[in-house]
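Enquirer: Here it is, the structure, as structure tokens.
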Amino acid sequence: MFGKKENKAELGIQKVLERMQSFTITAGYSFEGRPIQKYNAPVCGETLAGAIVGTAAIPTNPGIPFSGALDKQAEGIDAARYAVLDQLLDKAESAGANALIGLAFQYVVVEKNGLLVMASATAVTI
């Protein structure tokens, strides 16, 4: 009762990482030495991350990491990415796939204080 609070975002990320053990995932379009047997379905997912501090939470230079006051926003964005990936895995499993190819994430600032995180891939059988 008085122990450390469980972080729901961390638990969600851990769940997705465990699910990923049975999937092969790439941002590319092939797996070296493992031919694609079947293209099952295109899959996509989306979620709205919590409030962000304007557009300052999104670095314009990819070489500048999140730090300081932005750490919480970065954690929220990371949790949102894994939530979307979890959706993709659900849809890929429903389509009978065991792999995802062409994984890509997109981000859109919504109403200046939210972040829509989207992802798409093709569910395949290898």
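Residue numbers start at 1 in each chain; chains themselves are named A, B, ... in the order of the structure tokens; ligands are numbered from 1 in the order shown.
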If we count only C-alpha atoms, what is near region 77-90 of chain A at a cut-off of 7 Å, once residues fewer than 3 positions away on the same chain are taken out, given as a PyMOL selection string?

Expert: chain A and resi 9+13+16+43-47+49+73-74+93-94+117-119

Enquirer: Within 7 Å of region 27-36 of chain A, counting only C-alpha atoms, which residues show up once you throw out same-chain ones fewer than 2 positions away? Write them as a PyMOL selection string, please.

Expert: chain A and resi 38+101-104+124-126

Enquirer: Can you work out the spacing between CA of Lys91 (chain A) and CA of Gly76 (chain A) in Å, to one decimal?

Expert: 22.9 Å

Enquirer: Here is a test: counting only C-alpha atoms, which residue of A:Met20, A:Val109, A:Ala121, A:Leu100 is nearest to Leu48 (chain A)?

Expert: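 Distance minimum relative to Leu48 (chain A) lands on A:Val109.
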
Enquirer: Between CA of Phe23 (chain A) and CA of Tyr107 (chain A), what is the spacing in Å?

Expert: 24.0 Å

Enquirer: Provide the CA of Arg19 (chain A) to CA of Ser120 (chain A) distance in Å, to one decimal place.

Expert: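 One can read the CA of Arg19 (chain A) to CA of Ser120 (chain A) distance as 17.5 Å.
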